[in-house]
Amino acid sequence: MAQENAEVKSTVVEQDAVAVQDAIEQGAAGQDAVGQLSAGDGIVVEQGKYAPKQKAPVNKNSLKYILMAMGPGLLAAFAGNDAGGIATYSSAGATFGYSQLWTVPLMCFLLIVVQETAARMGCVTGKGIASLVRERFGIRLSTLAMGALLLSNIAVTFSEFAGIASSMELFGIPTYVSVPISALMVWLLTVGGSYRRIEKILLAISCIFVTYVVAGVLAQPDWGEALRVTIIPQPSADPSYISLLVANIGTTISPYMIFLVASNVVEKNLDTSDIPAQRADNVAGAILAEVITWFIMLTTGAVLFPRGISVDSAADAARALEPLAGQYASTLFALGMVGASFLAACVLPGITASAICEAFGWERGADRSWQEAPVYHGIITTVLVISALVVLIPGMSLFGIMMAAQVINGILLPILLVFMVIIAADKHIMGKYANGRIWNALTWFTIVTVIILTIVMFILQAMGL
């Protein structure tokens, strides 16, 4: 009997694992079937043991899985509501009341189109936007795009630390304390952990945006009028109105957000089976982010506009709210600004480093050590150090920096969107997941809209309006 058992073991070790599995599934092994199978690993089949049950396939279209897969779209959308965005929305509400609330659904639609396309490209190809641009359009155009992205993201990071500084001053914390501490916290978070841990922390930080909803309720707005204006557009030929309208839509879609969505999808190793979940993630993220935008405009429109109080920053709005809407509304508004600026400051250096490293084939990723990805970690560190130091320089024109970032974004965004739609419509790259006629038309509509608004923005700036 022992000799027979030895012969059985020897025979199974030599067999191919797939063939043995097929034999077991067909019942060829009889009742004396097996435990573990892997001839390549040298694991043998023993008599008298039963094969372990295989795990049931995951239904990636189930509500449970979709909720678990959420993250990339939510983060990208919330990161768009950064210091510059909140300042723009606050100014729109304070200057024109509820009259620009109708732009929020439009901004939401444009954001959904862009983010869904970027996420789908990542799921299908397993590559980020930078890598796809290099492969499709060549190293020269890729280098130009990465250079513009680097300059733009550094300038935007300046504004995020400026937002943190101005908001923390409302709580009595000076700039020379708040900026270095926040920069150190961002650095420790972005270079010292796995992607999944970073994502969970950033999603937790995003919960602070609820403060804007509470502040809006405390402002006691005219809900009926606000909803009416949201549904029925209120256009105006006032150059200031047009300028803010362009700024509202321009700040909703930033170049780094396109890279962020695709990069996050790749970091999570998602594939084509995850497209439905990512579509839900991006739609939910866009809607939630624009709800926050709506409440920011609502708050300043309800409290500051009737009294003729204009603001140039979110910190100004928070100060102005206190005597009119109460300390709680002012404090919640300021806390939201701190959280929004910190969230964007965490995202920008990492996505900048990831895009540049991807474009040139260098190792990247939060899971990589300094030895494995020195350029990736070096770019993050450099961006943070430069940004923090610039904000600490006395008399530095932060407004000038933000304007420079806006100009670069205005030039880079339409180019990146054209790159994106060409790749997304390429069946050789995207296969059956390439843009259909309807989605392609929607994407081109988004691009044309952004280009027209960008041209209008430059004309208004040149006219000094």
# chains A, B, ... in the order shown; residues from 1 in each chain; ligands from 1
$ residues_around --residues "stretch 158-172 of chain A" --least-positions-apart "3" --cutoff "9 Å" --atoms "only C-alpha atoms" --output "VMD selection string"
chain A and resid 82 to 84 153 to 155 175 to 179 182 to 183 313 to 316 318 to 319 331 334 to 335 337 to 345 384 386 to 388 390 to 392 398 to 399 401 to 402
$ residues_around --residues "stretch 447-450 of chain A" --least-positions-apart "5" --cutoff "9 Å" --atoms "only C-alpha atoms" --output "list in words"
Val246, Ile249, Gly250, Gly410, Leu413, Pro414, Leu417, Val418, Val421, Leu442 and Ile455 of chain A
$ write_last_selection --atoms "N, CA and C atoms" --output "compact mmCIF listing (two decimals), in the first residue's frame"
# COMPACT_ATOMS: atom_id res chain seq x y z
N VAL A 246 -16.32 82.49 -15.96
CA VAL A 246 -15.20 81.75 -16.54
C VAL A 246 -14.33 81.15 -15.44
N ILE A 249 -15.96 77.97 -13.78
CA ILE A 249 -15.84 76.74 -14.56
C ILE A 249 -14.37 76.33 -14.70
N GLY A 250 -13.50 77.33 -14.84
CA GLY A 250 -12.07 77.03 -14.99
C GLY A 250 -11.47 76.38 -13.77
N GLY A 410 -4.87 77.59 -18.01
CA GLY A 410 -5.72 77.92 -19.14
C GLY A 410 -5.14 77.47 -20.47
N LEU A 413 -4.83 73.10 -20.09
CA LEU A 413 -6.04 72.29 -20.00
C LEU A 413 -6.64 71.92 -21.36
N PRO A 414 -6.87 72.88 -22.28
CA PRO A 414 -7.44 72.47 -23.58
C PRO A 414 -6.55 71.49 -24.34
N LEU A 417 -6.98 68.08 -22.78
CA LEU A 417 -8.30 67.54 -23.11
C LEU A 417 -8.34 67.01 -24.54
N VAL A 418 -7.67 67.70 -25.46
CA VAL A 418 -7.59 67.22 -26.84
C VAL A 418 -6.81 65.90 -26.89
N VAL A 421 -9.18 63.12 -25.49
CA VAL A 421 -10.28 62.65 -26.32
C VAL A 421 -9.77 61.87 -27.52
N LEU A 442 -20.02 64.57 -26.51
CA LEU A 442 -20.06 65.24 -25.21
C LEU A 442 -18.67 65.72 -24.80
N ILE A 455 -10.36 81.51 -23.81
CA ILE A 455 -10.11 82.69 -24.66
C ILE A 455 -10.76 83.92 -24.07
$ residues_around --residues "stretch 221-225 of chain A" --least-positions-apart "2" --cutoff "10 Å" --atoms "only C-alpha atoms" --output "PyMOL selection string"
chain A and resi 98-99+216-219+227-230+298-303
$ write_last_selection --atoms "N, CA and C atoms" --output "PDB file, in the first residue's frame"
ATOM      1  N   TYR A  98     -27.281  85.042  -5.746  1.00  0.00           N
ATOM      2  CA  TYR A  98     -27.601  83.685  -6.216  1.00  0.00           C
ATOM      3  C   TYR A  98     -27.477  83.541  -7.732  1.00  0.00           C
ATOM      4  N   SER A  99     -27.196  84.614  -8.443  1.00  0.00           N
ATOM      5  CA  SER A  99     -27.370  84.632  -9.901  1.00  0.00           C
ATOM      6  C   SER A  99     -26.434  83.704 -10.666  1.00  0.00           C
ATOM      7  N   GLY A 216     -24.129  77.015   5.323  1.00  0.00           N
ATOM      8  CA  GLY A 216     -25.194  77.477   4.442  1.00  0.00           C
ATOM      9  C   GLY A 216     -26.551  77.460   5.125  1.00  0.00           C
ATOM     10  N   VAL A 217     -26.804  76.424   5.911  1.00  0.00           N
ATOM     11  CA  VAL A 217     -28.071  76.350   6.651  1.00  0.00           C
ATOM     12  C   VAL A 217     -28.138  77.464   7.699  1.00  0.00           C
ATOM     13  N   LEU A 218     -27.030  77.702   8.400  1.00  0.00           N
ATOM     14  CA  LEU A 218     -26.991  78.758   9.417  1.00  0.00           C
ATOM     15  C   LEU A 218     -27.191  80.144   8.812  1.00  0.00           C
ATOM     16  N   ALA A 219     -26.854  80.304   7.532  1.00  0.00           N
ATOM     17  CA  ALA A 219     -27.006  81.606   6.880  1.00  0.00           C
ATOM     18  C   ALA A 219     -28.471  81.958   6.599  1.00  0.00           C
ATOM     19  N   LEU A 227     -33.168  77.809  -5.392  1.00  0.00           N
ATOM     20  CA  LEU A 227     -33.466  76.677  -6.260  1.00  0.00           C
ATOM     21  C   LEU A 227     -33.966  77.154  -7.626  1.00  0.00           C
ATOM     22  N   ARG A 228     -34.753  78.222  -7.646  1.00  0.00           N
ATOM     23  CA  ARG A 228     -35.261  78.756  -8.914  1.00  0.00           C
ATOM     24  C   ARG A 228     -34.113  79.216  -9.808  1.00  0.00           C
ATOM     25  N   VAL A 229     -33.155  79.943  -9.222  1.00  0.00           N
ATOM     26  CA  VAL A 229     -32.021  80.461  -9.993  1.00  0.00           C
ATOM     27  C   VAL A 229     -31.100  79.329 -10.429  1.00  0.00           C
ATOM     28  N   THR A 230     -31.035  78.260  -9.649  1.00  0.00           N
ATOM     29  CA  THR A 230     -30.211  77.105 -10.017  1.00  0.00           C
ATOM     30  C   THR A 230     -30.742  76.441 -11.282  1.00  0.00           C
ATOM     31  N   LEU A 298     -24.151  79.879  -2.029  1.00  0.00           N
ATOM     32  CA  LEU A 298     -25.390  80.170  -1.311  1.00  0.00           C
ATOM     33  C   LEU A 298     -25.115  80.976  -0.050  1.00  0.00           C
ATOM     34  N   THR A 299     -24.099  80.564   0.708  1.00  0.00           N
ATOM     35  CA  THR A 299     -23.797  81.220   1.980  1.00  0.00           C
ATOM     36  C   THR A 299     -23.408  82.677   1.778  1.00  0.00           C
ATOM     37  N   THR A 300     -22.440  82.920   0.910  1.00  0.00           N
ATOM     38  CA  THR A 300     -22.002  84.307   0.694  1.00  0.00           C
ATOM     39  C   THR A 300     -23.063  85.113  -0.043  1.00  0.00           C
ATOM     40  N   GLY A 301     -23.837  84.451  -0.899  1.00  0.00           N
ATOM     41  CA  GLY A 301     -24.902  85.151  -1.606  1.00  0.00           C
ATOM     42  C   GLY A 301     -26.028  85.580  -0.683  1.00  0.00           C
ATOM     43  N   ALA A 302     -26.301  84.768   0.343  1.00  0.00           N
ATOM     44  CA  ALA A 302     -27.380  85.077   1.273  1.00  0.00           C
ATOM     45  C   ALA A 302     -26.979  86.124   2.302  1.00  0.00           C
ATOM     46  N   VAL A 303     -25.704  86.128   2.700  1.00  0.00           N
ATOM     47  CA  VAL A 303     -25.270  86.985   3.805  1.00  0.00           C
ATOM     48  C   VAL A 303     -24.546  88.240   3.333  1.00  0.00           C
TER      49      VAL A 303
END
$ residues_around --residues "A:Glu135" --least-positions-apart "3" --cutoff "12 Å" --atoms "only C-alpha atoms" --output "list of chain:residue names"
A:Thr125, A:Lys127, A:Gly128, A:Ile129, A:Ala130, A:Ser131, A:Leu132, A:Gly138, A:Ile139, A:Arg140, A:Leu141, A:Ser142, A:Thr143, A:Glu358, A:Ala359, A:Phe360, A:Gly361, A:Phe419, A:Ile423, A:Ile429
$ write_last_selection --atoms "C-alpha atoms" --output "compact mmCIF listing (two decimals), in the first residue's frame"
# COMPACT_ATOMS: atom_id res chain seq x y z
CA THR A 125 -4.83 50.50 -20.38
CA LYS A 127 -1.51 53.38 -17.55
CA GLY A 128 -1.74 56.98 -16.47
CA ILE A 129 -2.34 59.96 -18.75
CA ALA A 130 1.35 60.90 -18.89
CA SER A 131 2.37 57.49 -20.21
CA LEU A 132 -0.45 57.42 -22.77
CA GLY A 138 5.89 61.29 -28.64
CA ILE A 139 8.45 62.38 -26.08
CA ARG A 140 8.68 66.02 -27.22
CA LEU A 141 5.03 66.89 -26.67
CA SER A 142 5.06 64.85 -23.50
CA THR A 143 8.07 66.80 -22.18
CA GLU A 358 5.54 58.08 -15.53
CA ALA A 359 6.28 60.21 -18.60
CA PHE A 360 10.00 59.44 -18.43
CA GLY A 361 9.79 55.84 -17.21
CA PHE A 419 -4.92 64.60 -26.10
CA ILE A 423 -6.68 58.64 -27.06
CA ILE A 429 -5.71 51.68 -27.56
$ select_by_dssp --residues "stretch 56-257 of chain A" --states "alpha helix (DSSP H)" --output "number ranges by chain"
A: 63-69, 72-80, 83-96, 103-125, 129-137, 139-169, 175-191, 195-206, 210-218, 223-231, 239-252, 255-257
$ write_last_selection --atoms "C-alpha atoms" --output "compact mmCIF listing (two decimals), in the first residue's frame"
# COMPACT_ATOMS: atom_id res chain seq x y z
CA LEU A 63 -23.71 48.02 -4.61
CA LYS A 64 -21.33 46.71 -1.95
CA TYR A 65 -18.39 46.46 -4.35
CA ILE A 66 -19.13 49.85 -5.93
CA LEU A 67 -19.08 51.50 -2.49
CA MET A 68 -15.82 49.72 -1.62
CA ALA A 69 -14.21 50.79 -4.90
CA PRO A 72 -10.28 58.08 -6.95
CA GLY A 73 -13.24 60.04 -8.29
CA LEU A 74 -14.22 61.43 -4.90
CA LEU A 75 -10.67 62.58 -4.14
CA ALA A 76 -10.16 64.25 -7.51
CA ALA A 77 -13.48 66.10 -7.33
CA PHE A 78 -13.01 67.28 -3.74
CA ALA A 79 -9.41 68.33 -4.42
CA GLY A 80 -10.79 70.68 -7.07
CA ALA A 83 -8.17 77.49 -1.90
CA GLY A 84 -8.54 79.14 -5.30
CA GLY A 85 -11.86 77.45 -5.97
CA ILE A 86 -13.40 78.41 -2.64
CA ALA A 87 -12.18 82.00 -3.06
CA THR A 88 -13.76 82.15 -6.54
CA TYR A 89 -17.10 80.68 -5.41
CA SER A 90 -17.17 82.98 -2.36
CA SER A 91 -16.53 86.00 -4.55
CA ALA A 92 -19.25 84.97 -7.01
CA GLY A 93 -21.83 84.72 -4.24
CA ALA A 94 -20.76 87.95 -2.52
CA THR A 95 -20.70 89.92 -5.79
CA PHE A 96 -23.74 88.58 -7.63
CA THR A 103 -23.54 77.36 -13.40
CA VAL A 104 -23.17 74.62 -10.78
CA PRO A 105 -25.11 71.92 -12.73
CA LEU A 106 -23.12 72.86 -15.85
CA MET A 107 -19.83 72.54 -13.97
CA CYS A 108 -20.98 69.19 -12.58
CA PHE A 109 -21.72 67.87 -16.07
CA LEU A 110 -18.36 68.97 -17.46
CA LEU A 111 -16.56 67.41 -14.49
CA ILE A 112 -18.35 64.09 -14.92
CA VAL A 113 -17.42 63.89 -18.62
CA VAL A 114 -13.73 64.59 -17.99
CA GLN A 115 -13.30 62.37 -14.93
CA GLU A 116 -15.21 59.40 -16.34
CA THR A 117 -13.09 59.46 -19.50
CA ALA A 118 -9.82 59.67 -17.56
CA ALA A 119 -10.84 56.84 -15.20
CA ARG A 120 -11.95 54.60 -18.08
CA MET A 121 -8.62 55.15 -19.85
CA GLY A 122 -6.78 54.06 -16.71
CA CYS A 123 -8.93 50.95 -16.25
CA VAL A 124 -8.54 49.83 -19.88
CA THR A 125 -4.83 50.50 -20.38
CA ILE A 129 -2.34 59.96 -18.75
CA ALA A 130 1.35 60.90 -18.89
CA SER A 131 2.37 57.49 -20.21
CA LEU A 132 -0.45 57.42 -22.77
CA VAL A 133 0.43 60.90 -24.04
CA ARG A 134 4.08 59.91 -24.46
CA GLU A 135 3.25 56.70 -26.31
CA ARG A 136 0.63 58.29 -28.55
CA PHE A 137 2.16 61.72 -29.26
CA ILE A 139 8.45 62.38 -26.08
CA ARG A 140 8.68 66.02 -27.22
CA LEU A 141 5.03 66.89 -26.67
CA SER A 142 5.06 64.85 -23.50
CA THR A 143 8.07 66.80 -22.18
CA LEU A 144 6.38 70.13 -22.93
CA ALA A 145 3.19 68.99 -21.21
CA MET A 146 5.07 67.77 -18.13
CA GLY A 147 7.04 71.02 -17.89
CA ALA A 148 3.85 73.07 -17.99
CA LEU A 149 2.21 70.75 -15.47
CA LEU A 150 5.18 71.12 -13.10
CA LEU A 151 5.08 74.93 -13.22
CA SER A 152 1.31 75.00 -12.89
CA ASN A 153 1.15 72.59 -9.96
CA ILE A 154 3.95 74.36 -8.07
CA ALA A 155 2.10 77.66 -8.44
CA VAL A 156 -1.18 76.08 -7.31
CA THR A 157 0.60 74.48 -4.34
CA PHE A 158 1.77 77.98 -3.36
CA SER A 159 -1.86 79.06 -3.24
CA GLU A 160 -2.84 76.07 -1.10
CA PHE A 161 -0.29 76.95 1.58
CA ALA A 162 -1.39 80.58 1.31
CA GLY A 163 -4.93 79.37 1.95
CA ILE A 164 -3.80 77.40 4.99
CA ALA A 165 -1.88 80.42 6.31
CA SER A 166 -4.73 82.90 5.90
CA SER A 167 -7.29 80.51 7.41
CA MET A 168 -5.17 79.59 10.41
CA GLU A 169 -4.60 83.29 11.12
CA THR A 175 1.95 81.98 9.23
CA TYR A 176 5.48 81.09 10.35
CA VAL A 177 3.93 78.36 12.54
CA SER A 178 1.07 77.04 10.41
CA VAL A 179 2.92 76.77 7.08
CA PRO A 180 6.01 74.79 8.23
CA ILE A 181 3.88 72.43 10.34
CA SER A 182 1.36 71.80 7.56
CA ALA A 183 4.18 71.30 5.02
CA LEU A 184 5.81 68.72 7.30
CA MET A 185 2.49 66.92 7.80
CA VAL A 186 1.88 66.81 4.05
CA TRP A 187 5.40 65.49 3.43
CA LEU A 188 5.09 62.74 6.07
CA LEU A 189 1.75 61.68 4.66
CA THR A 190 2.73 61.60 0.98
CA VAL A 191 6.12 59.89 1.26
CA TYR A 195 -1.45 54.42 -1.38
CA ARG A 196 -4.49 52.83 0.29
CA ARG A 197 -3.62 54.34 3.67
CA ILE A 198 -3.09 57.76 2.11
CA GLU A 199 -6.40 57.48 0.26
CA LYS A 200 -8.30 56.64 3.46
CA ILE A 201 -6.75 59.59 5.31
CA LEU A 202 -7.52 62.03 2.48
CA LEU A 203 -11.10 60.78 2.20
CA ALA A 204 -11.47 61.33 5.95
CA ILE A 205 -10.15 64.89 5.53
CA SER A 206 -12.72 65.43 2.78
CA VAL A 210 -19.70 69.18 5.37
CA THR A 211 -18.96 72.40 7.29
CA TYR A 212 -19.98 74.41 4.21
CA VAL A 213 -23.39 72.72 4.17
CA VAL A 214 -23.90 73.55 7.86
CA ALA A 215 -22.70 77.14 7.29
CA GLY A 216 -25.19 77.48 4.44
CA VAL A 217 -28.07 76.35 6.65
CA LEU A 218 -26.99 78.76 9.42
CA TRP A 223 -34.28 78.40 -0.43
CA GLY A 224 -37.04 78.89 -3.01
CA GLU A 225 -35.22 81.68 -4.82
CA ALA A 226 -31.91 79.78 -4.70
CA LEU A 227 -33.47 76.68 -6.26
CA ARG A 228 -35.26 78.76 -8.91
CA VAL A 229 -32.02 80.46 -9.99
CA THR A 230 -30.21 77.10 -10.02
CA ILE A 231 -32.69 75.77 -12.58
CA PRO A 239 -17.66 91.92 -17.75
CA SER A 240 -17.15 91.13 -14.05
CA TYR A 241 -19.99 88.59 -14.20
CA ILE A 242 -18.46 86.92 -17.27
CA SER A 243 -15.00 86.91 -15.68
CA LEU A 244 -16.29 85.18 -12.55
CA LEU A 245 -18.33 82.77 -14.65
CA VAL A 246 -15.20 81.75 -16.54
CA ALA A 247 -13.23 81.47 -13.30
CA ASN A 248 -15.93 79.26 -11.74
CA ILE A 249 -15.84 76.74 -14.56
CA GLY A 250 -12.07 77.03 -14.99
CA THR A 251 -11.37 76.22 -11.37
CA THR A 252 -13.69 73.19 -11.48
CA PRO A 255 -5.06 69.75 -15.48
CA TYR A 256 -3.83 67.92 -12.39
CA MET A 257 -7.30 66.44 -11.81
